[in-house]
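Undergrad: Handing you a structure now.
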Amino acid sequence: MRKFFFIFLITVFVLGCAKENTDLSSNSEQPTFEQSEQNAKLLELYGFEVEPGVLSIVVISNGCTSEKDFSMEISSTGNGDQILVSRKKPDLCKAMPRLTTVKLLNPKLTCKGACSFQPVNPVRKPTEFKVRRN
């Protein structure tokens with residue numbers, strides 16, 4: 001019975017990986033913001049502020065988060081510009097999770113009067129951050 005269960009698990013794992021690889025190879029186009037929202041969990045932000053040339057975000061860090069770990073995409077819409085922030089590299093450190101501010105530089109972030117940039121990512125209140133203990 002154990003051998004059958006083990007073989008079943010391996011089969012499910014191999015088929016799942018094969019399915020995942022075919023999905024990735026068939027989609028050669030870069031996803032739009034709408035596809036990103038539907039297909040992947042967006043990075044949660046705990047703060048979002050736009051200044052001329054600088055985007056300041058507050059994110060969860062385990063101790064190894066830096067500006068190089070993030071990217072941003074700017075998209076113009078009828079209601080203003082949208083900013084999508086993505087994490088390129090996960091924070092694999094083992095320190096206690098905490099909120100940290102990261103400043104991302106981009107010369108396209110220009111404000112004339114009031115800034116009209118809106119985040120695509122969900123923005124939560126810093127008071128909603130809770131450390132999960134196992």
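Note on naming: chains are A, B, ... as they come in the structure tokens, residues start from 1 per chain, ligands start from 1 in the order shown.
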Neighbours of Asn62 of chain A within 9 Å (only C-alpha atoms; same-chain residues fewer than 6 positions away dropped), as a list in words?

TA: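 Residues near the query, excluding close chain neighbours: Asp91, Leu92, Cys93, Lys94, Ala95, Met96, Pro97, Arg98 and Leu99 of chain A.
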
Undergrad: Of the candidates A:Phe129, A:Lys88, A:Asn106, A:Asn121, which shows the shortest atom-to-atom distance to Thr65 of chain A, using only C-alpha atoms?

TA: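 Distance minimum relative to Thr65 of chain A lands on A:Lys88.
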
Undergrad: Quote the spacing between atom CA of Asp81 of chain A and atom CA of Glu128 of chain A in Å to one decimal place.

TA: 26.5 Å

Undergrad: Would you compute the distance between atom CA of Gly53 of chain A and atom CA of Pro90 of chain A? Give it in Å to one decimal.

TA: 24.8 Å

Undergrad: For a test of reading the model, state the distance in Å between atom CA of Val102 of chain A and atom CA of Val59 of chain A, rounded to one decimal.

TA: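 So the answer is 7.5 Å.
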
Undergrad: Of the residues A:Ser75, A:Ser61, A:Gln82, A:Thr101, which is the one nearest to Pro119 of chain A, using only C-alpha atoms?

TA: A:Gln82
